[in-house]
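Chemist: Just so it is clear, I am handing over coords16.cif, which has mmCIF, C-alpha atoms.
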data_start
loop_
_atom_site.group_PDB
_atom_site.id
_atom_site.type_symbol
_atom_site.label_atom_id
_atom_site.label_comp_id
_atom_site.auth_asym_id
_atom_site.auth_seq_id
_atom_site.Cartn_x
_atom_site.Cartn_y
_atom_site.Cartn_z
ATOM 1 C CA MET A 1207 76.637 14.633 12.923
ATOM 2 C CA LYS A 1208 77.770 11.205 14.159
ATOM 3 C CA LYS A 1209 74.291 9.863 13.445
ATOM 4 C CA ILE A 1210 74.450 11.121 9.829
ATOM 5 C CA ILE A 1211 77.895 9.561 9.354
ATOM 6 C CA CYS A 1212 76.660 6.239 10.727
ATOM 7 C CA ILE A 1213 73.673 6.254 8.346
ATOM 8 C CA PHE A 1214 75.944 7.143 5.422
ATOM 9 C CA MET A 1215 78.367 4.335 6.284
ATOM 10 C CA SER A 1216 75.485 1.866 6.629
ATOM 11 C CA VAL A 1217 74.193 2.781 3.171
ATOM 12 C CA LEU A 1218 77.684 2.344 1.706
ATOM 13 C CA LEU A 1219 77.977 -1.058 3.379
ATOM 14 C CA ILE A 1220 74.615 -2.209 1.975
ATOM 15 C CA LEU A 1221 75.533 -1.013 -1.511
ATOM 16 C CA SER A 1222 78.906 -2.740 -1.363
ATOM 17 C CA LEU A 1223 77.305 -6.013 -0.205
ATOM 18 C CA ASN A 1224 74.790 -5.813 -3.049
ATOM 19 C CA CYS A 1225 77.612 -5.280 -5.537
ATOM 20 C CA VAL A 1226 79.443 -8.311 -4.137
ATOM 21 C CA ASN A 1227 76.275 -10.413 -4.435
ATOM 22 C CA VAL A 1228 75.681 -9.302 -8.031
ATOM 23 C CA LEU A 1229 79.270 -10.062 -8.987
ATOM 24 C CA ALA A 1230 79.077 -13.471 -7.303
ATOM 25 C CA VAL A 1231 75.889 -14.356 -9.207
ATOM 26 C CA GLU A 1232 77.397 -13.115 -12.469
ATOM 27 C CA GLU A 1233 80.575 -15.151 -11.933
ATOM 28 C CA ASP A 1234 78.533 -18.241 -11.051
ATOM 29 C CA ASN A 1235 76.440 -17.869 -14.207
ATOM 30 C CA VAL A 1236 79.499 -17.482 -16.402
ATOM 31 C CA SER A 1237 81.178 -20.415 -14.665
ATOM 32 C CA GLN A 1238 78.148 -22.679 -15.276
ATOM 33 C CA LEU A 1239 77.889 -21.860 -18.957
ATOM 34 C CA SER A 1240 81.639 -22.004 -19.504
ATOM 35 C CA LYS A 1241 81.689 -25.488 -17.962
ATOM 36 C CA TYR A 1242 79.144 -26.620 -20.547
ATOM 37 C CA ASN A 1243 81.018 -24.833 -23.377
ATOM 38 C CA ILE A 1244 77.950 -22.700 -24.072
ATOM 39 C CA ILE A 1245 79.789 -19.411 -23.775
ATOM 40 C CA LYS A 1246 83.371 -18.786 -24.743
ATOM 41 C CA GLY A 1247 85.451 -15.661 -24.366
ATOM 42 C CA ASP A 1248 87.314 -13.745 -27.011
ATOM 43 C CA PRO A 1249 90.833 -14.871 -27.909
ATOM 44 C CA ASP A 1250 92.021 -12.679 -25.044
ATOM 45 C CA GLY A 1251 89.577 -14.385 -22.642
ATOM 46 C CA LYS A 1252 87.136 -11.475 -22.264
ATOM 47 C CA MET A 1253 83.422 -12.298 -22.077
ATOM 48 C CA ARG A 1254 82.276 -8.747 -23.008
ATOM 49 C CA LEU A 1255 79.194 -9.116 -20.809
ATOM 50 C CA ALA A 1256 78.226 -5.451 -21.171
ATOM 51 C CA ASP A 1257 78.108 -5.675 -24.984
ATOM 52 C CA ASN A 1258 74.885 -6.197 -26.905
ATOM 53 C CA LEU A 1259 74.230 -9.724 -28.189
ATOM 54 C CA THR A 1260 74.051 -10.192 -31.963
ATOM 55 C CA ARG A 1261 71.671 -12.535 -33.748
ATOM 56 C CA ALA A 1262 74.593 -14.738 -34.826
ATOM 57 C CA GLU A 1263 75.830 -14.977 -31.232
ATOM 58 C CA ALA A 1264 72.295 -15.683 -29.974
ATOM 59 C CA VAL A 1265 71.665 -18.708 -32.199
ATOM 60 C CA THR A 1266 75.153 -20.028 -31.459
ATOM 61 C CA LEU A 1267 74.499 -19.883 -27.709
ATOM 62 C CA LEU A 1268 71.111 -21.549 -28.050
ATOM 63 C CA VAL A 1269 72.106 -24.463 -30.256
ATOM 64 C CA ARG A 1270 75.004 -25.154 -27.880
ATOM 65 C CA LEU A 1271 72.442 -24.989 -25.066
ATOM 66 C CA TYR A 1272 70.462 -27.706 -26.842
ATOM 67 C CA GLY A 1273 73.534 -29.937 -26.974
ATOM 68 C CA PHE A 1274 74.864 -29.174 -30.457
ATOM 69 C CA THR A 1275 78.388 -28.123 -31.346
ATOM 70 C CA PRO A 1276 77.719 -25.976 -34.438
ATOM 71 C CA GLU A 1277 81.415 -25.485 -35.189
ATOM 72 C CA THR A 1278 81.825 -29.202 -35.914
ATOM 73 C CA SER A 1279 78.285 -30.366 -36.731
ATOM 74 C CA GLU A 1280 78.062 -32.243 -40.014
ATOM 75 C CA ALA A 1281 74.322 -32.975 -40.232
ATOM 76 C CA VAL A 1282 73.262 -29.396 -40.994
ATOM 77 C CA PRO A 1283 70.356 -28.578 -43.357
ATOM 78 C CA PRO A 1284 71.170 -26.581 -46.517
ATOM 79 C CA ASN A 1285 71.611 -22.859 -45.974
ATOM 80 C CA GLU A 1286 68.323 -20.994 -46.504
ATOM 81 C CA PHE A 1287 69.515 -17.541 -45.478
ATOM 82 C CA SER A 1288 70.914 -15.506 -48.345
ATOM 83 C CA ASP A 1289 73.213 -13.467 -46.100
ATOM 84 C CA MET A 1290 74.681 -16.426 -44.167
ATOM 85 C CA GLU A 1291 76.766 -18.013 -46.919
ATOM 86 C CA LYS A 1292 80.253 -18.669 -45.466
ATOM 87 C CA HIS A 1293 79.323 -16.768 -42.289
ATOM 88 C CA TRP A 1294 80.939 -18.173 -39.128
ATOM 89 C CA ALA A 1295 77.466 -18.806 -37.613
ATOM 90 C CA GLN A 1296 75.910 -20.393 -40.721
ATOM 91 C CA ASN A 1297 75.704 -23.859 -39.148
ATOM 92 C CA ALA A 1298 74.212 -22.458 -35.955
ATOM 93 C CA ALA A 1299 71.552 -20.527 -37.887
ATOM 94 C CA MET A 1300 70.481 -23.602 -39.847
ATOM 95 C CA ILE A 1301 70.444 -25.845 -36.754
ATOM 96 C CA ALA A 1302 68.324 -23.171 -35.042
ATOM 97 C CA LYS A 1303 65.931 -23.230 -37.997
ATOM 98 C CA GLY A 1304 65.725 -27.020 -37.709
ATOM 99 C CA LEU A 1305 64.844 -26.606 -34.033
ATOM 100 C CA ARG A 1306 62.138 -24.100 -35.050
ATOM 101 C CA ILE A 1307 63.548 -21.259 -33.000
ATOM 102 C CA VAL A 1308 64.167 -19.149 -36.132
ATOM 103 C CA GLU A 1309 62.383 -19.088 -39.458
ATOM 104 C CA ALA A 1310 63.288 -18.525 -43.103
ATOM 105 C CA GLY A 1311 60.189 -17.272 -44.838
ATOM 106 C CA GLU A 1312 59.814 -14.971 -47.819
ATOM 107 C CA ASN A 1313 62.454 -12.718 -46.310
ATOM 108 C CA THR A 1314 65.511 -14.928 -46.440
ATOM 109 C CA MET A 1315 67.798 -12.430 -44.687
ATOM 110 C CA PHE A 1316 68.997 -13.508 -41.255
ATOM 111 C CA ASN A 1317 70.870 -10.272 -40.385
ATOM 112 C CA PRO A 1318 73.507 -12.091 -38.310
ATOM 113 C CA ASN A 1319 75.375 -8.985 -37.165
ATOM 114 C CA ALA A 1320 72.299 -7.067 -36.019
ATOM 115 C CA ASN A 1321 71.720 -6.764 -32.287
ATOM 116 C CA ILE A 1322 68.945 -9.021 -31.023
ATOM 117 C CA THR A 1323 66.142 -7.570 -28.909
ATOM 118 C CA ALA A 1324 65.072 -8.964 -25.554
ATOM 119 C CA GLU A 1325 61.726 -10.078 -27.019
ATOM 120 C CA GLU A 1326 63.404 -11.951 -29.874
ATOM 121 C CA PHE A 1327 65.779 -13.758 -27.546
ATOM 122 C CA ILE A 1328 63.001 -14.645 -25.104
ATOM 123 C CA LYS A 1329 60.882 -16.063 -27.943
ATOM 124 C CA MET A 1330 63.806 -18.245 -29.047
ATOM 125 C CA ILE A 1331 64.275 -19.596 -25.515
ATOM 126 C CA VAL A 1332 60.551 -20.327 -25.065
ATOM 127 C CA CYS A 1333 60.528 -22.191 -28.389
ATOM 128 C CA LEU A 1334 63.677 -24.095 -27.439
ATOM 129 C CA LEU A 1335 61.969 -25.241 -24.242
ATOM 130 C CA GLY A 1336 58.979 -26.468 -26.280
ATOM 131 C CA TYR A 1337 56.357 -23.983 -25.032
ATOM 132 C CA GLN A 1338 55.673 -22.283 -28.378
ATOM 133 C CA GLU A 1339 52.088 -23.612 -28.582
ATOM 134 C CA VAL A 1340 51.289 -22.286 -25.102
ATOM 135 C CA ALA A 1341 52.828 -18.885 -25.877
ATOM 136 C CA GLU A 1342 50.840 -18.636 -29.112
ATOM 137 C CA ARG A 1343 47.601 -19.313 -27.218
ATOM 138 C CA LYS A 1344 48.508 -16.490 -24.831
ATOM 139 C CA GLY A 1345 48.761 -13.938 -27.616
ATOM 140 C CA GLY A 1346 51.770 -14.920 -29.671
ATOM 141 C CA ASN A 1347 54.715 -12.692 -30.419
ATOM 142 C CA PRO A 1348 55.799 -10.812 -28.419
ATOM 143 C CA HIS A 1349 53.434 -10.618 -25.444
ATOM 144 C CA GLY A 1350 52.404 -14.275 -25.309
ATOM 145 C CA TYR A 1351 56.035 -15.322 -25.236
ATOM 146 C CA ILE A 1352 56.938 -12.748 -22.590
ATOM 147 C CA ILE A 1353 54.022 -13.897 -20.408
ATOM 148 C CA GLN A 1354 54.979 -17.563 -20.785
ATOM 149 C CA ALA A 1355 58.664 -16.804 -20.141
ATOM 150 C CA ALA A 1356 57.765 -15.020 -16.911
ATOM 151 C CA LYS A 1357 55.551 -17.921 -15.800
ATOM 152 C CA LEU A 1358 58.367 -20.416 -16.410
ATOM 153 C CA GLY A 1359 60.944 -18.258 -14.622
ATOM 154 C CA VAL A 1360 62.967 -17.581 -17.779
ATOM 155 C CA THR A 1361 63.067 -13.838 -17.126
ATOM 156 C CA LYS A 1362 63.670 -13.969 -13.386
ATOM 157 C CA GLU A 1363 65.980 -11.102 -12.328
ATOM 158 C CA ILE A 1364 65.627 -9.581 -15.814
ATOM 159 C CA SER A 1365 63.778 -6.417 -16.822
ATOM 160 C CA VAL A 1366 62.301 -6.808 -20.313
ATOM 161 C CA ASP A 1367 62.119 -3.416 -22.034
ATOM 162 C CA SER A 1368 60.216 -3.516 -25.300
ATOM 163 C CA GLY A 1369 62.404 -3.038 -28.359
ATOM 164 C CA ASN A 1370 65.649 -2.801 -26.398
ATOM 165 C CA CYS A 1371 68.692 -4.840 -27.329
ATOM 166 C CA ILE A 1372 69.743 -7.533 -24.892
ATOM 167 C CA THR A 1373 73.210 -7.549 -23.384
ATOM 168 C CA ARG A 1374 75.380 -10.624 -23.214
ATOM 169 C CA GLU A 1375 75.100 -10.444 -19.410
ATOM 170 C CA ASN A 1376 71.288 -10.584 -19.486
ATOM 171 C CA ALA A 1377 71.381 -13.363 -22.078
ATOM 172 C CA VAL A 1378 73.608 -15.368 -19.732
ATOM 173 C CA GLN A 1379 71.122 -14.778 -16.874
ATOM 174 C CA ILE A 1380 68.191 -15.903 -19.038
ATOM 175 C CA ILE A 1381 70.017 -19.057 -20.126
ATOM 176 C CA CYS A 1382 70.924 -19.931 -16.538
ATOM 177 C CA ASN A 1383 67.302 -19.350 -15.498
ATOM 178 C CA SER A 1384 66.244 -21.806 -18.212
ATOM 179 C CA LEU A 1385 68.655 -24.669 -17.499
ATOM 180 C CA ASP A 1386 66.397 -26.622 -15.134
ATOM 181 C CA ILE A 1387 62.959 -25.796 -16.541
ATOM 182 C CA PRO A 1388 61.162 -29.007 -17.630
ATOM 183 C CA ILE A 1389 60.960 -29.289 -21.409
ATOM 184 C CA MET A 1390 57.552 -29.657 -23.044
ATOM 185 C CA VAL A 1391 57.195 -32.069 -25.988
ATOM 186 C CA MET A 1392 54.406 -32.966 -28.398
ATOM 187 C CA THR A 1393 53.142 -36.451 -27.585
ATOM 188 C CA SER A 1394 50.482 -36.762 -30.300
ATOM 189 C CA PHE A 1395 49.746 -34.991 -33.558
ATOM 190 C CA ASN A 1396 46.263 -34.392 -34.899
ATOM 191 C CA LEU A 1397 45.429 -32.940 -38.313
ATOM 192 C CA ASN A 1398 42.612 -30.860 -36.806
ATOM 193 C CA GLY A 1399 45.147 -29.066 -34.636
ATOM 194 C CA ALA A 1400 44.222 -30.711 -31.335
ATOM 195 C CA ASN A 1401 47.768 -31.810 -30.602
ATOM 196 C CA THR A 1402 48.666 -33.000 -27.121
ATOM 197 C CA TYR A 1403 51.757 -32.040 -25.184
ATOM 198 C CA THR A 1404 53.524 -33.384 -22.108
ATOM 199 C CA ILE A 1405 55.734 -31.459 -19.706
ATOM 200 C CA LEU A 1406 58.688 -33.675 -18.832
ATOM 201 C CA ASN A 1407 58.658 -32.745 -15.134
ATOM 202 C CA GLY A 1408 59.453 -36.137 -13.599
ATOM 203 C CA LYS A 1409 55.975 -36.538 -12.105
ATOM 204 C CA ASN A 1410 53.373 -39.318 -12.492
ATOM 205 C CA GLY A 1411 55.760 -41.649 -14.264
ATOM 206 C CA VAL A 1412 56.978 -39.002 -16.723
ATOM 207 C CA GLU A 1413 60.744 -38.655 -17.048
ATOM 208 C CA PHE A 1414 62.401 -35.368 -16.130
ATOM 209 C CA ARG A 1415 64.103 -33.610 -19.014
ATOM 210 C CA SER A 1416 65.642 -30.165 -19.082
ATOM 211 C CA LEU A 1417 68.243 -28.318 -21.108
ATOM 212 C CA ARG A 1418 70.789 -29.182 -18.417
ATOM 213 C CA THR A 1419 70.070 -32.914 -18.618
ATOM 214 C CA MET A 1420 70.341 -32.760 -22.408
ATOM 215 C CA ILE A 1421 73.719 -31.037 -22.242
ATOM 216 C CA GLU A 1422 75.053 -33.461 -19.664
ATOM 217 C CA GLU A 1423 73.997 -36.441 -21.776
ATOM 218 C CA LYS A 1424 76.112 -35.276 -24.715
#
Can you turn what I pasted into structure tokens?
Modeler:
Amino acid sequence: MKKIICIFMSVLLILSLNCVNVLAVEEDNVSQLSKYNIIKGDPDGKMRLADNLTRAEAVTLLVRLYGFTPETSEAVPPNEFSDMEKHWAQNAAMIAKGLRIVEAGENTMFNPNANITAEEFIKMIVCLLGYQEVAERKGGNPHGYIIQAAKLGVTKEISVDSGNCITRENAVQIICNSLDIPIMVMTSFNLNGANTYTILNGKNGVEFRSLRTMIEEK
């Protein structure tokens, strides 16, 4: 009986330590992004981490991550989304379009209040980091982007379930995973499509650039 009690207590101790570790990581993530003004709580200070992330919230987070302040940005392209007129995230959506992380094609609806799926958010992050061309060569949306995100470490500690909405907590984890990934940029353009790209990893005379360095330069 004593042996069973000891085993039970050991399991409880392990579970409690794991919970403490998870909470510590979550608090550290929130602290990092709050410091950079990427995430902000409700008027009452709540982060609502268990809630699903909307498309409007997603683009707002990502343009802030790229160093923009959409609430005060003046150099914003004209609105191309028919359902974003006077929406609070209109600037963010148009900045995101300018960064090529969202598109406005024949369907000009942005659906700002719809929940965003994990695949959609991951694609946006991969594009923001500059690896869209690589992801397209690996199969495109969604699998090529998921594969590339995993290779970069974007989805570390995250389970990507196809078609499922992403929570604010998982979005925060993905953003934190992405902060120090070297950005890839196009270094030459060729009309035949043979463009060349450089990963700004700080090696062989190349400067190091990441989302974190971009934020800290602002």
Chemist: For atom CA of A:Glu1309 and atom CA of A:Lys1424, quote the distance in Å rounded to one decimal.
Modeler: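 Rounded to one decimal, the two atoms are 25.8 Å apart.
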Chemist: Please identify all polymer residues within 7 Å of A:Ile1421, counting all atoms listed in the file, omitting same-chain residues fewer than 6 positions from it, and present them as a list in words.
Modeler: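 Near neighbours after the sequence-gap exclusion: Leu1271, Tyr1272 and Gly1273 of chain A.
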Chemist: Using only C-alpha atoms, please write the residues we just selected to a file, as a short mmCIF file (atom, residue, chain, number, x, y, z; two decimals), keeping the file's coordinate frame.
Modeler:
data_model
loop_
_atom_site.label_atom_id
_atom_site.label_comp_id
_atom_site.auth_asym_id
_atom_site.auth_seq_id
_atom_site.Cartn_x
_atom_site.Cartn_y
_atom_site.Cartn_z
CA LEU A 1271 72.44 -24.99 -25.07
CA TYR A 1272 70.46 -27.71 -26.84
CA GLY A 1273 73.53 -29.94 -26.97
#
Chemist: Could you state the separation of atom CA of A:Ile1322 and atom CA of A:Leu1259 in Å, given to one decimal place?
Modeler: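 The value is 6.0 Å.
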Chemist: Report as a tab-separated table the residues of stretch 1226-1339 of chain A within 12 Å of stretch 1386-1405 of chain A, each with its shortest atom pair and distance in Å (one decimal), using only C-alpha atoms, ordered by chain and increasing residue number.
Modeler:
residue	atom	partner	partner_atom	distance
A:Leu1271	CA	A:Asp1386	CA	11.7
A:Tyr1272	CA	A:Ile1389	CA	11.1
A:Ile1331	CA	A:Ile1387	CA	11.0
A:Val1332	CA	A:Ile1389	CA	9.7
A:Cys1333	CA	A:Met1390	CA	9.7
A:Leu1334	CA	A:Ile1389	CA	8.4
A:Leu1335	CA	A:Ile1389	CA	5.0
A:Gly1336	CA	A:Met1390	CA	4.8
A:Tyr1337	CA	A:Met1390	CA	6.1
A:Gln1338	CA	A:Met1390	CA	9.3
A:Glu1339	CA	A:Tyr1403	CA	9.1
Chemist: Show me, as a ChimeraX atom specification, the residues that have an atom within 12 Å of A:Cys1371 when counting all atoms listed in the file, minus same-chain residues fewer than 2 positions from it.
Modeler: /A:1256-1261,1264,1320-1328,1365-1369,1373-1377
Chemist: So how many Å separate atom CA of A:Gly1345 and atom CA of A:Gly1359, to one decimal?
Modeler: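 Interatomic distance, atom CA of A:Gly1345 to atom CA of A:Gly1359: 18.3 Å.
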Chemist: Identify, on the basis of all atoms listed in the file, every residue whose closest approach to A:Leu1268 does not exceed 9 Å; exclude the query and any residue fewer than 6 positions from it along the same chain; express the result as a PDB file with C-alpha atoms, in the frame of the given file.
Modeler:
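Once everything was written out, this is out16.pdb:
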ATOM      1  CA  ILE A1244      77.950 -22.700 -24.072  1.00  0.00           C
ATOM      2  CA  PHE A1274      74.864 -29.174 -30.457  1.00  0.00           C
ATOM      3  CA  ALA A1298      74.212 -22.458 -35.955  1.00  0.00           C
ATOM      4  CA  ALA A1302      68.324 -23.171 -35.042  1.00  0.00           C
ATOM      5  CA  MET A1330      63.806 -18.245 -29.047  1.00  0.00           C
ATOM      6  CA  ILE A1331      64.275 -19.596 -25.515  1.00  0.00           C
ATOM      7  CA  LEU A1334      63.677 -24.095 -27.439  1.00  0.00           C
ATOM      8  CA  ILE A1381      70.017 -19.057 -20.126  1.00  0.00           C
TER       9      ILE A1381
END
Chemist: Of the candidates A:Thr1278, A:Ser1416, A:Gln1238, A:Asn1383, which one gets nearest to A:Val1360 if we count all atoms listed in the file?
Modeler: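 The answer is A:Asn1383, which sits nearest to A:Val1360.
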Chemist: Counting only C-alpha atoms, what is within 12 Å of stretch 1247-1250 of chain A, bar same-chain residues fewer than 5 positions away, as a list in words?
Modeler: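 Returned residues: Val1236, Ser1237, Leu1239, Ser1240, Leu1255, Glu1263 and Arg1374 of chain A.
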Chemist: Excluding A:Glu1286 and any residue of its chain fewer than 6 positions from it, enumerate the residues within 10 Å of it, using all atoms listed in the file, and give them as a PyMOL selection string.
Modeler: chain A and resi 1296+1299-1300+1303+1309-1311+1314-1316
Chemist: Would you mind telling me which residue in A:Asp1234, A:Glu1277, A:Glu1342, A:Asp1289 lies nearest to A:Ile1301 when using all atoms listed in the file?
Modeler: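 Of A:Asp1234, A:Glu1277, A:Glu1342, A:Asp1289, the one nearest A:Ile1301 is A:Glu1277, counting all atoms listed in the file.
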Chemist: Let me know the centre plus edge lengths, in Å and rounded to one decimal, of a box with edges along x, y and z that contains all listed atoms of stretch 1355-1358 of chain A and is padded by 4 Å on every side, as JSON.
Modeler:
{"center_x": 57.1, "center_y": -17.7, "center_z": -18.0, "size_x": 11.1, "size_y": 13.4, "size_z": 12.3}
Chemist: Point out the residue among A:Leu1406, A:Met1290, A:Ile1364, A:Leu1385 with the least atom-to-atom distance to A:Arg1418, counting only C-alpha atoms.
Modeler: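 Of all the options, A:Leu1385 lies closest to A:Arg1418.
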Chemist: Calculated over all atoms listed in the file, which of the candidates A:Arg1415, A:His1349, A:Lys1292, A:Arg1270 has the smallest distance to A:Tyr1242?
Modeler: A:Arg1270
Chemist: Name the closest residue to A:Thr1419 among the candidates A:Gln1379, A:Ser1384, A:Asn1347, A:Thr1275; distances are taken between atoms, counting all atoms listed in the file.
Modeler: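 Using all atoms listed in the file, the shortest distance to A:Thr1419 belongs to A:Ser1384.
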Chemist: Give the answer as one residue: which of A:Leu1358, A:Met1420, A:Val1269, A:Gly1251 has the shortest atom-to-atom distance to A:Arg1306, using all atoms listed in the file?
Modeler: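 Comparing A:Leu1358, A:Met1420, A:Val1269, A:Gly1251 against A:Arg1306, the winner is A:Val1269.
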Chemist: Kindly output stretch 1373-1393 of chain A as a PDB file, in the frame of the given file, after building N, CA and C atoms.
Modeler:
ATOM      1  N   THR A1373      71.769  -7.437 -23.585  1.00  0.00           N
ATOM      2  CA  THR A1373      73.210  -7.549 -23.384  1.00  0.00           C
ATOM      3  C   THR A1373      73.606  -9.008 -23.220  1.00  0.00           C
ATOM      4  N   ARG A1374      74.879  -9.262 -23.407  1.00  0.00           N
ATOM      5  CA  ARG A1374      75.380 -10.624 -23.214  1.00  0.00           C
ATOM      6  C   ARG A1374      75.169 -11.058 -21.758  1.00  0.00           C
ATOM      7  N   GLU A1375      75.306 -10.127 -20.829  1.00  0.00           N
ATOM      8  CA  GLU A1375      75.100 -10.444 -19.410  1.00  0.00           C
ATOM      9  C   GLU A1375      73.676 -10.915 -19.146  1.00  0.00           C
ATOM     10  N   ASN A1376      72.679 -10.192 -19.694  1.00  0.00           N
ATOM     11  CA  ASN A1376      71.288 -10.584 -19.486  1.00  0.00           C
ATOM     12  C   ASN A1376      70.955 -11.880 -20.209  1.00  0.00           C
ATOM     13  N   ALA A1377      71.581 -12.102 -21.366  1.00  0.00           N
ATOM     14  CA  ALA A1377      71.381 -13.363 -22.078  1.00  0.00           C
ATOM     15  C   ALA A1377      71.901 -14.528 -21.253  1.00  0.00           C
ATOM     16  N   VAL A1378      73.045 -14.331 -20.605  1.00  0.00           N
ATOM     17  CA  VAL A1378      73.608 -15.368 -19.732  1.00  0.00           C
ATOM     18  C   VAL A1378      72.656 -15.656 -18.576  1.00  0.00           C
ATOM     19  N   GLN A1379      72.070 -14.594 -17.983  1.00  0.00           N
ATOM     20  CA  GLN A1379      71.122 -14.778 -16.874  1.00  0.00           C
ATOM     21  C   GLN A1379      69.896 -15.562 -17.332  1.00  0.00           C
ATOM     22  N   ILE A1380      69.363 -15.215 -18.506  1.00  0.00           N
ATOM     23  CA  ILE A1380      68.191 -15.903 -19.038  1.00  0.00           C
ATOM     24  C   ILE A1380      68.486 -17.378 -19.292  1.00  0.00           C
ATOM     25  N   ILE A1381      69.644 -17.655 -19.860  1.00  0.00           N
ATOM     26  CA  ILE A1381      70.017 -19.057 -20.126  1.00  0.00           C
ATOM     27  C   ILE A1381      70.134 -19.838 -18.829  1.00  0.00           C
ATOM     28  N   CYS A1382      70.782 -19.243 -17.838  1.00  0.00           N
ATOM     29  CA  CYS A1382      70.924 -19.931 -16.538  1.00  0.00           C
ATOM     30  C   CYS A1382      69.561 -20.154 -15.889  1.00  0.00           C
ATOM     31  N   ASN A1383      68.656 -19.175 -16.018  1.00  0.00           N
ATOM     32  CA  ASN A1383      67.302 -19.350 -15.498  1.00  0.00           C
ATOM     33  C   ASN A1383      66.588 -20.523 -16.165  1.00  0.00           C
ATOM     34  N   SER A1384      66.962 -20.810 -17.411  1.00  0.00           N
ATOM     35  CA  SER A1384      66.244 -21.806 -18.212  1.00  0.00           C
ATOM     36  C   SER A1384      66.798 -23.216 -18.088  1.00  0.00           C
ATOM     37  N   LEU A1385      67.966 -23.381 -17.494  1.00  0.00           N
ATOM     38  CA  LEU A1385      68.655 -24.669 -17.499  1.00  0.00           C
ATOM     39  C   LEU A1385      67.839 -25.812 -16.906  1.00  0.00           C
ATOM     40  N   ASP A1386      67.094 -25.542 -15.845  1.00  0.00           N
ATOM     41  CA  ASP A1386      66.397 -26.622 -15.134  1.00  0.00           C
ATOM     42  C   ASP A1386      64.881 -26.581 -15.291  1.00  0.00           C
ATOM     43  N   ILE A1387      64.396 -25.818 -16.257  1.00  0.00           N
ATOM     44  CA  ILE A1387      62.959 -25.796 -16.541  1.00  0.00           C
ATOM     45  C   ILE A1387      62.587 -27.066 -17.314  1.00  0.00           C
ATOM     46  N   PRO A1388      61.551 -27.786 -16.894  1.00  0.00           N
ATOM     47  CA  PRO A1388      61.162 -29.007 -17.630  1.00  0.00           C
ATOM     48  C   PRO A1388      60.787 -28.679 -19.078  1.00  0.00           C
ATOM     49  N   ILE A1389      61.272 -29.465 -19.994  1.00  0.00           N
ATOM     50  CA  ILE A1389      60.960 -29.289 -21.409  1.00  0.00           C
ATOM     51  C   ILE A1389      59.562 -29.829 -21.697  1.00  0.00           C
ATOM     52  N   MET A1390      58.861 -29.163 -22.612  1.00  0.00           N
ATOM     53  CA  MET A1390      57.552 -29.657 -23.044  1.00  0.00           C
ATOM     54  C   MET A1390      57.692 -30.232 -24.452  1.00  0.00           C
ATOM     55  N   VAL A1391      57.106 -31.417 -24.680  1.00  0.00           N
ATOM     56  CA  VAL A1391      57.195 -32.069 -25.988  1.00  0.00           C
ATOM     57  C   VAL A1391      55.798 -32.449 -26.481  1.00  0.00           C
ATOM     58  N   MET A1392      55.659 -32.496 -27.809  1.00  0.00           N
ATOM     59  CA  MET A1392      54.406 -32.966 -28.398  1.00  0.00           C
ATOM     60  C   MET A1392      54.358 -34.489 -28.280  1.00  0.00           C
ATOM     61  N   THR A1393      53.268 -35.005 -27.752  1.00  0.00           N
ATOM     62  CA  THR A1393      53.142 -36.451 -27.585  1.00  0.00           C
ATOM     63  C   THR A1393      52.154 -37.073 -28.568  1.00  0.00           C
TER      64      THR A1393
END
